[in-house]
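Structure data follow from my_file_24.tsv (TSV, C-alpha atoms and all ligand atoms):
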```
chain	number	residue	atom	x	y	z
A	1	MET	CA	38.27	-19.18	19.99
A	2	LEU	CA	41.40	-18.73	17.89
A	3	VAL	CA	42.96	-16.35	20.45
A	4	VAL	CA	42.12	-18.74	23.30
A	5	ILE	CA	43.59	-21.72	21.45
A	6	VAL	CA	46.80	-19.88	20.56
A	7	GLY	CA	47.12	-18.64	24.17
A	8	VAL	CA	46.69	-22.14	25.61
A	9	VAL	CA	49.17	-23.64	23.13
A	10	LEU	CA	51.76	-20.99	23.96
A	11	ILE	CA	51.30	-21.49	27.71
A	12	LEU	CA	51.86	-25.22	27.22
A	13	LEU	CA	55.00	-24.50	25.17
A	14	MET	CA	56.20	-22.15	27.87
A	15	ALA	CA	55.67	-24.79	30.55
A	16	LEU	CA	57.59	-27.24	28.37
A	17	PHE	CA	60.41	-24.72	27.92
A	18	ILE	CA	60.71	-24.12	31.67
A	19	THR	CA	60.72	-27.81	32.47
A	20	GLN	CA	63.40	-28.31	29.81
A	21	VAL	CA	65.61	-25.66	31.42
A	22	PHE	CA	65.04	-27.33	34.77
A	23	THR	CA	65.86	-30.90	33.77
A	24	PRO	CA	66.97	-33.28	36.62
A	25	ALA	CA	70.51	-33.05	35.24
A	26	GLY	CA	70.38	-29.25	35.24
A	27	VAL	CA	68.99	-29.15	38.79
A	28	ALA	CA	71.66	-31.64	39.95
A	29	GLN	CA	74.31	-29.49	38.31
A	30	ALA	CA	73.01	-26.40	40.07
A	31	ILE	CA	73.00	-28.22	43.43
A	32	GLU	CA	76.53	-29.41	42.77
A	33	GLY	CA	77.58	-25.87	41.91
A	34	LEU	CA	76.08	-24.67	45.19
A	35	ALA	CA	77.79	-27.43	47.17
A	36	ALA	CA	81.09	-26.76	45.45
A	37	ALA	CA	80.98	-23.13	46.43
A	38	GLY	CA	83.42	-22.92	49.29
A	39	THR	CA	82.39	-19.67	50.89
A	40	ASP	CA	79.07	-18.13	51.82
A	41	ALA	CA	79.65	-15.33	49.31
A	42	ALA	CA	80.25	-17.83	46.48
A	43	ARG	CA	77.09	-19.77	47.50
A	44	GLN	CA	75.15	-16.52	47.52
A	45	GLN	CA	76.48	-15.76	44.03
A	46	GLU	CA	75.51	-19.22	42.73
A	47	SER	CA	71.95	-19.04	44.07
A	48	GLU	CA	71.46	-15.52	42.67
A	49	ALA	CA	72.66	-16.72	39.25
A	50	LEU	CA	70.21	-19.61	39.51
A	51	LEU	CA	67.32	-17.27	40.36
A	52	ARG	CA	68.23	-14.93	37.48
A	53	ALA	CA	68.27	-17.85	35.03
A	54	PHE	CA	64.84	-18.93	36.33
A	55	ARG	CA	63.39	-15.40	36.03
A	56	ARG	CA	64.85	-14.95	32.53
A	57	SER	CA	63.42	-18.18	31.27
A	58	VAL	CA	59.94	-17.46	32.77
A	59	LEU	CA	59.90	-13.89	31.40
A	60	THR	CA	61.07	-15.03	27.95
A	61	SER	CA	58.39	-17.68	27.72
A	62	VAL	CA	55.63	-15.32	28.97
A	63	ALA	CA	56.79	-12.66	26.47
A	64	VAL	CA	56.76	-15.20	23.63
A	65	ALA	CA	53.29	-16.41	24.73
A	66	ALA	CA	51.95	-12.83	24.96
A	67	LEU	CA	53.40	-11.89	21.57
A	68	GLY	CA	51.89	-14.99	20.00
A	69	ALA	CA	48.49	-14.26	21.57
A	70	VAL	CA	48.60	-10.63	20.35
A	71	ILE	CA	49.50	-11.69	16.80
A	72	ALA	CA	46.81	-14.36	16.81
A	73	GLY	CA	44.24	-11.90	18.24
A	74	VAL	CA	45.00	-9.16	15.72
A	75	ALA	CA	45.02	-11.59	12.79
A	76	SER	CA	41.80	-13.31	13.81
A	77	SER	CA	39.95	-10.04	14.49
A	78	LEU	CA	41.06	-8.72	11.09
A	79	VAL	CA	39.74	-11.83	9.37
A	80	LEU	CA	36.50	-11.81	11.38
A	81	SER	CA	35.79	-8.12	10.94
A	82	ARG	CA	36.34	-8.47	7.21
A	83	GLU	CA	33.92	-11.41	7.20
A	84	ILE	CA	31.25	-9.39	9.05
A	85	LEU	CA	31.92	-6.04	7.41
A	86	ARG	CA	31.83	-7.29	3.82
A	87	PRO	CA	28.16	-8.36	3.91
A	88	LEU	CA	27.26	-5.22	5.85
A	89	ARG	CA	28.98	-3.15	3.17
A	90	ASP	CA	27.04	-5.10	0.52
A	91	LEU	CA	23.81	-4.26	2.34
A	92	ALA	CA	24.77	-0.59	2.57
A	93	ASP	CA	25.59	-0.51	-1.16
A	94	GLY	CA	22.34	-2.32	-2.00
A	95	SER	CA	20.17	0.06	0.03
A	96	ARG	CA	21.95	3.07	-1.51
A	97	ARG	CA	21.25	1.78	-5.01
A	98	ILE	CA	17.60	1.14	-4.11
A	99	ALA	CA	17.36	4.69	-2.76
A	100	HIS	CA	18.54	5.83	-6.19
A	101	GLY	CA	15.68	3.95	-7.86
A	102	HIS	CA	17.35	0.66	-8.80
A	103	TYR	CA	14.54	-1.52	-7.43
A	104	ALA	CA	15.86	-4.72	-9.01
A	105	GLU	CA	18.80	-4.63	-6.56
A	106	ARG	CA	19.25	-7.76	-4.39
A	107	VAL	CA	22.03	-8.78	-1.99
A	108	GLU	CA	23.49	-12.24	-1.86
A	109	MET	CA	24.40	-13.76	1.47
A	110	PRO	CA	25.06	-17.45	1.77
A	111	GLY	CA	24.65	-19.20	5.12
A	112	SER	CA	21.90	-19.23	7.67
A	113	ASP	CA	23.13	-16.89	10.39
A	114	GLU	CA	21.65	-13.56	11.49
A	115	LEU	CA	23.29	-11.69	8.63
A	116	ALA	CA	21.71	-14.03	6.10
A	117	LEU	CA	18.34	-13.36	7.79
A	118	VAL	CA	18.90	-9.62	7.48
A	119	ALA	CA	19.79	-10.12	3.79
A	120	ARG	CA	16.64	-12.16	3.21
A	121	ASN	CA	14.46	-9.49	4.82
A	122	PHE	CA	16.28	-6.83	2.83
A	123	ASN	CA	15.57	-8.68	-0.42
A	124	GLN	CA	11.90	-9.07	0.51
A	125	MET	CA	11.68	-5.34	1.16
A	126	ALA	CA	13.36	-4.63	-2.20
A	127	GLU	CA	10.85	-6.89	-3.94
A	128	ALA	CA	7.90	-5.15	-2.26
A	129	LEU	CA	9.29	-1.76	-3.34
A	130	GLN	CA	9.75	-3.06	-6.88
A	131	GLN	CA	6.11	-4.18	-6.98
A	132	VAL	CA	4.86	-0.85	-5.65
A	133	GLU	CA	6.93	0.92	-8.30
A	134	GLN	CA	5.54	-1.38	-10.98
A	135	GLN	CA	1.97	-0.68	-9.82
A	136	ARG	CA	2.67	3.04	-9.86
A	137	VAL	CA	3.94	2.88	-13.44
A	138	THR	CA	0.93	0.76	-14.50
A	139	LEU	CA	-1.46	3.13	-12.74
A	140	ILE	CA	-0.06	6.18	-14.54
A	141	ALA	CA	-0.23	4.33	-17.86
A	142	ASN	CA	-3.85	3.28	-17.19
A	143	VAL	CA	-4.97	6.72	-16.04
A	144	SER	CA	-3.47	8.46	-19.07
A	145	HIS	CA	-4.98	5.81	-21.33
A	146	GLU	CA	-8.42	6.30	-19.78
A	147	LEU	CA	-8.17	10.09	-20.04
A	148	ARG	CA	-7.16	9.89	-23.67
A	149	THR	CA	-10.45	8.29	-24.81
A	150	PRO	CA	-12.83	11.14	-23.86
A	151	LEU	CA	-10.20	13.73	-24.79
A	152	THR	CA	-9.86	12.22	-28.27
A	153	GLY	CA	-13.67	12.35	-28.63
A	154	LEU	CA	-13.76	15.99	-27.53
A	155	THR	CA	-10.91	16.97	-29.85
A	156	GLY	CA	-12.66	15.24	-32.77
A	157	TYR	CA	-15.96	17.05	-32.17
A	158	LEU	CA	-14.28	20.43	-31.68
A	159	GLU	CA	-12.16	20.03	-34.83
A	160	GLY	CA	-15.27	18.97	-36.75
A	161	LEU	CA	-17.07	22.08	-35.47
A	162	MET	CA	-14.18	24.35	-36.43
A	163	ASP	CA	-13.89	22.82	-39.91
A	164	GLY	CA	-17.63	23.00	-40.43
A	165	VAL	CA	-17.89	19.19	-40.73
A	166	PHE	CA	-20.27	19.11	-37.76
A	167	PRO	CA	-23.09	21.60	-37.56
A	168	GLY	CA	-23.16	23.68	-34.38
A	169	ASN	CA	-26.56	22.32	-33.40
A	170	GLU	CA	-28.09	20.83	-30.29
A	171	GLU	CA	-27.10	17.28	-31.18
A	172	THR	CA	-23.39	18.13	-31.54
A	173	PHE	CA	-23.40	20.05	-28.28
A	174	ALA	CA	-25.14	17.12	-26.59
A	175	GLN	CA	-22.35	14.82	-27.84
A	176	LEU	CA	-19.74	17.27	-26.57
A	177	TYR	CA	-21.53	17.41	-23.24
A	178	GLN	CA	-21.53	13.58	-23.06
A	179	GLU	CA	-17.77	13.47	-23.55
A	180	VAL	CA	-17.20	16.13	-20.89
A	181	ARG	CA	-19.51	14.26	-18.50
A	182	ARG	CA	-17.57	11.09	-19.16
A	183	LEU	CA	-14.32	12.89	-18.43
A	184	SER	CA	-15.57	14.39	-15.19
A	185	ARG	CA	-17.06	11.03	-14.11
A	186	LEU	CA	-13.69	9.45	-14.68
A	187	VAL	CA	-11.92	12.16	-12.66
A	188	ASP	CA	-14.46	11.73	-9.83
A	189	ASP	CA	-13.94	7.96	-9.89
A	190	LEU	CA	-10.16	8.40	-9.82
A	191	GLN	CA	-10.44	10.71	-6.85
A	192	ASP	CA	-12.70	8.23	-5.05
A	193	LEU	CA	-10.32	5.41	-5.91
A	194	SER	CA	-7.27	7.19	-4.53
A	195	ARG	CA	-9.18	8.03	-1.34
A	196	VAL	CA	-10.55	4.53	-0.72
A	197	GLU	CA	-7.22	2.89	-1.49
A	198	ALA	CA	-5.44	5.24	0.90
A	199	GLY	CA	-8.12	4.52	3.53
A	200	GLN	CA	-8.94	8.25	3.63
A	201	ILE	CA	-12.63	8.04	2.91
A	202	ALA	CA	-14.73	9.72	5.59
A	203	LEU	CA	-17.53	7.34	6.59
A	204	GLN	CA	-20.69	8.25	8.49
A	205	ILE	CA	-21.31	4.91	10.13
A	206	GLU	CA	-24.76	4.59	11.68
A	207	ARG	CA	-27.54	2.13	12.38
A	208	PHE	CA	-30.27	2.27	9.75
A	209	ASP	CA	-32.96	0.23	8.03
A	210	LEU	CA	-31.52	-1.11	4.77
A	211	ILE	CA	-34.86	-1.89	3.09
A	212	PRO	CA	-36.02	1.69	2.24
A	213	LEU	CA	-32.51	2.46	0.98
A	214	VAL	CA	-32.49	-0.58	-1.32
A	215	GLU	CA	-35.96	0.37	-2.60
A	216	ARG	CA	-34.75	3.88	-3.35
A	217	VAL	CA	-31.72	2.59	-5.28
A	218	VAL	CA	-33.90	0.15	-7.24
A	219	ASN	CA	-36.24	3.03	-8.18
A	220	GLN	CA	-33.22	5.07	-9.22
A	221	ALA	CA	-31.99	2.29	-11.51
A	222	MET	CA	-35.45	1.52	-12.90
A	223	PRO	CA	-35.32	4.00	-15.84
A	224	LEU	CA	-31.98	2.48	-16.88
A	225	ALA	CA	-33.46	-1.02	-16.77
A	226	GLU	CA	-36.52	0.08	-18.71
A	227	ALA	CA	-34.32	1.74	-21.32
A	228	GLY	CA	-32.54	-1.59	-21.71
A	229	SER	CA	-35.83	-3.55	-21.82
A	230	LEU	CA	-34.95	-5.44	-18.66
A	231	SER	CA	-37.01	-6.37	-15.66
A	232	LEU	CA	-35.62	-5.19	-12.36
A	233	ALA	CA	-37.11	-6.38	-9.08
A	234	LEU	CA	-36.47	-6.49	-5.38
A	235	VAL	CA	-37.56	-10.01	-4.41
A	236	GLU	CA	-39.46	-10.61	-1.15
A	237	PRO	CA	-37.69	-8.06	0.97
A	238	PRO	CA	-38.07	-8.40	4.75
A	239	LYS	CA	-40.09	-5.64	6.43
A	240	ARG	CA	-37.13	-4.27	8.27
A	241	LEU	CA	-33.42	-5.10	8.30
A	242	GLU	CA	-31.07	-2.89	10.26
A	243	VAL	CA	-27.40	-2.64	9.42
A	244	ILE	CA	-24.46	-0.67	10.76
A	245	ALA	CA	-22.88	1.15	7.83
A	246	ASP	CA	-22.65	4.43	5.94
A	247	PRO	CA	-26.02	4.90	4.13
A	248	ASP	CA	-24.62	7.05	1.28
A	249	ARG	CA	-21.74	4.68	0.58
A	250	THR	CA	-24.05	1.68	0.79
A	251	ALA	CA	-26.28	3.30	-1.82
A	252	GLN	CA	-23.22	4.05	-3.97
A	253	VAL	CA	-22.12	0.39	-3.92
A	254	LEU	CA	-25.64	-0.86	-4.68
A	255	LEU	CA	-26.13	1.60	-7.52
A	256	ASN	CA	-22.82	0.51	-9.00
A	257	LEU	CA	-23.85	-3.16	-8.84
A	258	LEU	CA	-27.27	-2.43	-10.32
A	259	SER	CA	-25.97	-0.27	-13.16
A	260	ASN	CA	-23.39	-2.95	-13.99
A	261	ALA	CA	-26.08	-5.64	-13.96
A	262	VAL	CA	-28.24	-3.53	-16.27
A	263	ARG	CA	-25.29	-2.62	-18.50
A	264	TYR	CA	-24.10	-6.21	-18.93
A	265	THR	CA	-27.51	-7.83	-19.44
A	266	PRO	CA	-28.97	-7.96	-22.96
A	267	PRO	CA	-32.57	-6.77	-23.60
A	268	GLY	CA	-35.25	-9.10	-22.29
A	269	GLY	CA	-33.12	-10.19	-19.34
A	270	HIS	CA	-33.81	-10.00	-15.62
A	271	VAL	CA	-32.03	-8.37	-12.72
A	272	GLU	CA	-33.14	-9.24	-9.23
A	273	LEU	CA	-32.14	-8.14	-5.79
A	274	ARG	CA	-32.50	-10.10	-2.59
A	275	VAL	CA	-31.81	-8.94	0.93
A	276	ALA	CA	-31.42	-11.40	3.78
A	277	GLN	CA	-29.63	-11.83	7.06
A	278	THR	CA	-27.45	-14.72	8.19
A	279	GLY	CA	-26.09	-14.51	11.71
A	280	LEU	CA	-24.36	-11.16	12.00
A	281	GLU	CA	-24.25	-10.56	8.25
A	282	VAL	CA	-26.74	-8.88	5.97
A	283	ARG	CA	-26.35	-9.97	2.36
A	284	VAL	CA	-27.61	-8.08	-0.62
A	285	THR	CA	-27.40	-10.22	-3.75
A	286	VAL	CA	-27.70	-8.72	-7.20
A	287	ARG	CA	-28.31	-11.45	-9.74
A	288	ASP	CA	-28.61	-10.91	-13.47
A	289	THR	CA	-29.21	-13.10	-16.49
A	290	GLY	CA	-26.59	-11.19	-18.48
A	291	ILE	CA	-23.36	-11.92	-20.29
A	292	GLY	CA	-21.80	-13.52	-17.19
A	293	ILE	CA	-18.14	-13.57	-16.30
A	294	PRO	CA	-15.64	-16.14	-17.64
A	295	THR	CA	-14.04	-18.18	-14.85
A	296	GLU	CA	-10.55	-16.98	-15.74
A	297	ALA	CA	-11.65	-13.32	-15.42
A	298	LEU	CA	-13.18	-13.68	-11.95
A	299	PRO	CA	-9.93	-13.27	-9.94
A	300	TYR	CA	-9.22	-9.92	-11.65
A	301	LEU	CA	-12.69	-8.45	-11.57
A	302	PHE	CA	-12.02	-6.15	-8.61
A	303	GLU	CA	-8.63	-4.94	-9.85
A	304	ARG	CA	-8.42	-1.34	-10.96
A	305	PHE	CA	-9.10	-0.71	-14.65
A	306	TYR	CA	-9.91	-4.36	-15.26
A	307	ARG	CA	-12.61	-4.99	-17.88
A	308	VAL	CA	-13.55	-8.40	-19.15
A	309	ASP	CA	-14.37	-7.07	-22.59
A	310	ASN	CA	-12.49	-3.83	-23.07
A	311	SER	CA	-14.30	-2.55	-26.13
A	312	ARG	CA	-17.78	-3.37	-24.85
A	313	ALA	CA	-17.22	-1.83	-21.41
A	314	ARG	CA	-15.59	1.28	-22.86
A	315	ARG	CA	-18.39	1.80	-25.36
A	316	SER	CA	-20.80	1.84	-22.45
A	317	GLY	CA	-18.63	4.34	-20.60
A	318	GLY	CA	-17.02	1.90	-18.16
A	319	SER	CA	-13.57	2.67	-16.81
A	320	GLY	CA	-13.10	-0.55	-14.87
A	321	ILE	CA	-12.70	1.09	-11.47
A	322	GLY	CA	-16.30	0.99	-10.24
A	323	LEU	CA	-15.96	-2.44	-8.67
A	324	THR	CA	-12.56	-1.61	-7.14
A	325	ILE	CA	-14.09	1.38	-5.37
A	326	ALA	CA	-17.18	-0.62	-4.38
A	327	ARG	CA	-15.14	-3.42	-2.81
A	328	HIS	CA	-12.95	-0.97	-0.89
A	329	LEU	CA	-16.07	0.78	0.39
A	330	ALA	CA	-17.55	-2.56	1.48
A	331	TRP	CA	-14.32	-3.40	3.31
A	332	ALA	CA	-14.16	0.05	4.93
A	333	MET	CA	-17.66	-0.55	6.35
A	334	GLY	CA	-16.62	-3.92	7.76
A	335	GLY	CA	-18.35	-5.81	4.96
A	336	GLU	CA	-17.41	-7.68	1.79
A	337	LEU	CA	-18.18	-7.69	-1.91
A	338	THR	CA	-17.81	-10.83	-3.99
A	339	ALA	CA	-18.74	-11.92	-7.48
A	340	ALA	CA	-19.84	-15.28	-8.77
A	341	SER	CA	-20.74	-16.59	-12.18
A	342	PRO	CA	-21.16	-20.07	-13.64
A	343	GLY	CA	-19.39	-18.78	-16.77
A	344	ALA	CA	-19.67	-16.53	-19.82
A	345	GLY	CA	-23.24	-16.07	-21.04
A	346	GLN	CA	-24.74	-17.51	-17.87
A	347	GLY	CA	-25.37	-14.42	-15.78
A	348	SER	CA	-23.61	-13.20	-12.64
A	349	THR	CA	-24.32	-12.69	-8.98
A	350	PHE	CA	-22.71	-10.04	-6.84
A	351	THR	CA	-22.99	-10.38	-3.07
A	352	PHE	CA	-22.62	-7.30	-0.91
A	353	VAL	CA	-22.27	-8.11	2.79
A	354	LEU	CA	-22.79	-5.58	5.57
A	355	PRO	CA	-22.63	-5.94	9.37
A	356	ALA	CA	-26.09	-6.47	10.81
A	357	ALA	CA	-27.22	-4.35	13.73
A	358	GLU	CA	-28.48	-7.45	15.57
A	359	PRO	CA	-27.68	-11.15	15.16
A	360	ARG	CA	-30.22	-13.53	13.61
A	361	LEU	CA	-30.31	-17.28	12.97
A	362	PRO	CA	-29.33	-18.45	9.44
A	363	GLN	CA	-32.15	-18.37	6.89
A	364	ARG	CA	-32.76	-21.43	4.81
A	365	GLY	CA	-33.87	-19.52	1.69
A	366	MET	CA	-30.59	-17.63	1.50
A	367	ARG	CA	-28.52	-20.80	1.81
A	368	ASN	CA	-30.40	-22.39	-1.10
A	369	ALA	CA	-29.93	-19.29	-3.20
A	370	GLU	CA	-26.17	-19.59	-2.72
A	371	ARG	CA	-25.95	-23.26	-3.64
A	372	GLY	CA	-25.48	-23.71	-7.37
A	373	MET	CA	-22.96	-20.89	-7.59
A	374	HIS	CA	-19.56	-22.32	-8.40
A	375	ASN	CA	-17.03	-19.72	-9.34
A	376	THR	CA	-16.52	-16.82	-7.03
A	377	ALA	CA	-14.11	-13.92	-6.72
B	1	LIG	P1	-16.93	-0.74	-15.56
B	1	LIG	O1	-17.06	0.70	-15.28
B	1	LIG	O2	-16.05	-1.05	-16.73
B	1	LIG	O3	-18.22	-1.48	-15.56
B	1	LIG	P2	-16.45	-2.09	-13.09
B	1	LIG	O4	-15.29	-2.03	-12.17
B	1	LIG	O5	-17.77	-1.70	-12.54
B	1	LIG	O6	-16.06	-1.22	-14.33
B	1	LIG	O7	-16.53	-3.55	-13.68
B	1	LIG	C1	-15.36	-4.18	-14.16
B	1	LIG	C2	-15.69	-5.20	-15.20
B	1	LIG	O8	-16.40	-6.28	-14.62
B	1	LIG	C3	-16.59	-4.69	-16.30
B	1	LIG	O9	-15.86	-4.05	-17.31
B	1	LIG	C4	-17.25	-5.96	-16.80
B	1	LIG	O10	-16.39	-6.60	-17.73
B	1	LIG	C5	-17.30	-6.84	-15.55
B	1	LIG	N1	-18.66	-6.82	-14.93
B	1	LIG	C6	-19.06	-6.06	-13.89
B	1	LIG	N2	-20.34	-6.32	-13.57
B	1	LIG	C7	-20.75	-7.29	-14.41
B	1	LIG	C8	-21.98	-8.00	-14.60
B	1	LIG	N3	-23.05	-7.78	-13.82
B	1	LIG	N4	-22.02	-8.94	-15.57
B	1	LIG	C9	-20.96	-9.18	-16.35
B	1	LIG	N5	-19.77	-8.56	-16.24
B	1	LIG	C10	-19.66	-7.61	-15.29
```
Please go through the file and, once you have read it, give me the structure as structure tokens.
Ligand code: ADP
Amino acid sequence: MLVVIVGVVLILLMALFITQVFTPAGVAQAIEGLAAAGTDAARQQESEALLRAFRRSVLTSVAVAALGAVIAGVASSLVLSREILRPLRDLADGSRRIAHGHYAERVEMPGSDELALVARNFNQMAEALQQVEQQRVTLIANVSHELRTPLTGLTGYLEGLMDGVFPGNEETFAQLYQEVRRLSRLVDDLQDLSRVEAGQIALQIERFDLIPLVERVVNQAMPLAEAGSLSLALVEPPKRLEVIADPDRTAQVLLNLLSNAVRYTPPGGHVELRVAQTGLEVRVTVRDTGIGIPTEALPYLFERFYRVDNSRARRSGGSGIGLTIARHLAWAMGGELTAASPGAGQGSTFTFVLPAAEPRLPQRGMRNAERGMHNTA
């Protein structure tokens, strides 16, 4: 725009300059000069001089206009390129610093043009990278913290054995074995966690009857429940309920929910399972009368290494990743896993949803069972 404006202004000036040279008085003078020329040769000379003056004035004004346009063009392109290049250079510097690990880097770009949009997207990307880095640091801290607990136990027992504080009898070896089991369980869980989070878990999706599987898992968890003086029951299961999922992973999720329910329910309590279908969803609800989950803890329940009561969960061998794995497995099978609890001390309900093999109309019993639950995660 600047070059165009300068060009137009100079052309106007040039036109003004030419018209000034060729004023009526000047033209009259030239005509007089021509008339005064006595001979043809003198007239020829006069008209040639006139033509030369005309050409000179036109050329001079065009040259001045061209020079002005060139200067204006060069100056404006210098200014513009600096305006565009500066933010681009900022972006290049910012991305280089991020590549070197400075994730707090942000670029500033006022305005609302395309470059500002690029800057905004760049800053969003930097923020996402910063969060991933933060999660990575937290994960390493959590994993090393979790590994330290069984390792400290093992070291203590072994030192006690070496110093003769602990006798080398069956009981001590059983304790050592427990610690090693705990360690290997944790490593297995971590491996599962990394696989499910990376979406690399191999699933054997098939159509199968869920009822026998649930019965098997309940039988598996029965000794645990009996050891904790709890009642564990599968309530009014339908005869047959087909789902489309991975049977082994389904059993893994259910066993995790049941062992949690048993672990977090004091003696004398109840744990019950219900299986029902609504539309295209099969819901398995695991309800216990245990310690419940405080409302403020519900949103974090499925986060890795999260434990409502750290000391209690750790004493019972919990690492806080069971539910994270279970939810990822439910998602991977096209289902869902949610938790609900009216509050601490009031029991909890976990709902595991799986895709049904065939649709069915909503069941009234299931709806009623869900009413009354307030806080969910
Ligand atoms: P953990 O191995 O510690 O049990 P989970 O991921 O399975 O890890 O559970 C995370 C946390 O959720 C537990 O530490 C516990 O605080 C809480 N939780 C899980 N299930 C229940 C339940 N049925 N009742 C009360 N709290 C529960």
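The two atoms in question, CA of Ala297 (chain A) and CA of Ala330 (chain A), are spaced 20.9 Å apart.
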TODO: Within 9 Å of ligand LIG 1 (chain B), which residues show up when you count only C-alpha atoms and all ligand atoms? List them as number ranges by chain, please.
DONE: A: 256-265, 286-294, 297-298, 300-310, 312-314, 316-326, 339, 341, 344-345, 347-350
Let me see the file: selected residues, C-alpha atoms, as a JSON list (two decimals), in the coordinates of the input.
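See again_39.json below for the written result:
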```json
[["chain", "number", "residue", "atom", "x", "y", "z"],
["A", 256, "ASN", "CA", -22.82, 0.51, -9.00],
["A", 257, "LEU", "CA", -23.85, -3.16, -8.84],
["A", 258, "LEU", "CA", -27.27, -2.43, -10.32],
["A", 259, "SER", "CA", -25.97, -0.27, -13.16],
["A", 260, "ASN", "CA", -23.39, -2.95, -13.99],
["A", 261, "ALA", "CA", -26.08, -5.64, -13.96],
["A", 262, "VAL", "CA", -28.24, -3.53, -16.27],
["A", 263, "ARG", "CA", -25.29, -2.62, -18.50],
["A", 264, "TYR", "CA", -24.10, -6.21, -18.93],
["A", 265, "THR", "CA", -27.51, -7.83, -19.44],
["A", 286, "VAL", "CA", -27.70, -8.72, -7.20],
["A", 287, "ARG", "CA", -28.31, -11.45, -9.74],
["A", 288, "ASP", "CA", -28.61, -10.91, -13.47],
["A", 289, "THR", "CA", -29.21, -13.10, -16.49],
["A", 290, "GLY", "CA", -26.59, -11.19, -18.48],
["A", 291, "ILE", "CA", -23.36, -11.92, -20.29],
["A", 292, "GLY", "CA", -21.80, -13.52, -17.19],
["A", 293, "ILE", "CA", -18.14, -13.57, -16.30],
["A", 294, "PRO", "CA", -15.64, -16.14, -17.64],
["A", 297, "ALA", "CA", -11.65, -13.32, -15.42],
["A", 298, "LEU", "CA", -13.18, -13.68, -11.95],
["A", 300, "TYR", "CA", -9.22, -9.92, -11.65],
["A", 301, "LEU", "CA", -12.69, -8.45, -11.57],
["A", 302, "PHE", "CA", -12.02, -6.15, -8.61],
["A", 303, "GLU", "CA", -8.63, -4.94, -9.85],
["A", 304, "ARG", "CA", -8.42, -1.34, -10.96],
["A", 305, "PHE", "CA", -9.10, -0.71, -14.65],
["A", 306, "TYR", "CA", -9.91, -4.36, -15.26],
["A", 307, "ARG", "CA", -12.61, -4.99, -17.88],
["A", 308, "VAL", "CA", -13.55, -8.40, -19.15],
["A", 309, "ASP", "CA", -14.37, -7.07, -22.59],
["A", 310, "ASN", "CA", -12.49, -3.83, -23.07],
["A", 312, "ARG", "CA", -17.78, -3.37, -24.85],
["A", 313, "ALA", "CA", -17.22, -1.83, -21.41],
["A", 314, "ARG", "CA", -15.59, 1.28, -22.86],
["A", 316, "SER", "CA", -20.80, 1.84, -22.45],
["A", 317, "GLY", "CA", -18.63, 4.34, -20.60],
["A", 318, "GLY", "CA", -17.02, 1.90, -18.16],
["A", 319, "SER", "CA", -13.57, 2.67, -16.81],
["A", 320, "GLY", "CA", -13.10, -0.55, -14.87],
["A", 321, "ILE", "CA", -12.70, 1.09, -11.47],
["A", 322, "GLY", "CA", -16.30, 0.99, -10.24],
["A", 323, "LEU", "CA", -15.96, -2.44, -8.67],
["A", 324, "THR", "CA", -12.56, -1.61, -7.14],
["A", 325, "ILE", "CA", -14.09, 1.38, -5.37],
["A", 326, "ALA", "CA", -17.18, -0.62, -4.38],
["A", 339, "ALA", "CA", -18.74, -11.92, -7.48],
["A", 341, "SER", "CA", -20.74, -16.59, -12.18],
["A", 344, "ALA", "CA", -19.67, -16.53, -19.82],
["A", 345, "GLY", "CA", -23.24, -16.07, -21.04],
["A", 347, "GLY", "CA", -25.37, -14.42, -15.78],
["A", 348, "SER", "CA", -23.61, -13.20, -12.64],
["A", 349, "THR", "CA", -24.32, -12.69, -8.98],
["A", 350, "PHE", "CA", -22.71, -10.04, -6.84]]
```
Open item on the list: Between CA of Leu151 (chain A) and CA of Pro223 (chain A), what distance in Å does the model show, to one decimal?
Closed with: 28.4 Å
Task: Point-to-point distance in Å for CA of Leu139 (chain A) and CA of Leu337 (chain A) - done: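 About the pair CA of Leu337 (chain A) and CA of Leu139 (chain A): they are 22.7 Å apart.
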Task: Best match for closeness to Arg96 (chain A) among A:Gly268, A:Ala126, A:Ser61, A:Thr152, counting all atoms listed in the file - done: A:Ala126
Task: Nearest residue to Gln252 (chain A) from the set A:Ala202, A:Leu280, A:Leu354, A:Val217 (distances using only C-alpha atoms) - done: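 That would be A:Val217, the residue with the smallest distance to Gln252 (chain A).
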TODO: Tell me, as number ranges by chain, which residues lie within 12 Å of Gly68 (chain A), counting all atoms listed in the file; anything in the same chain fewer than 6 positions away does not count.
DONE: A: 2-11, 13-14, 61-62, 74-76
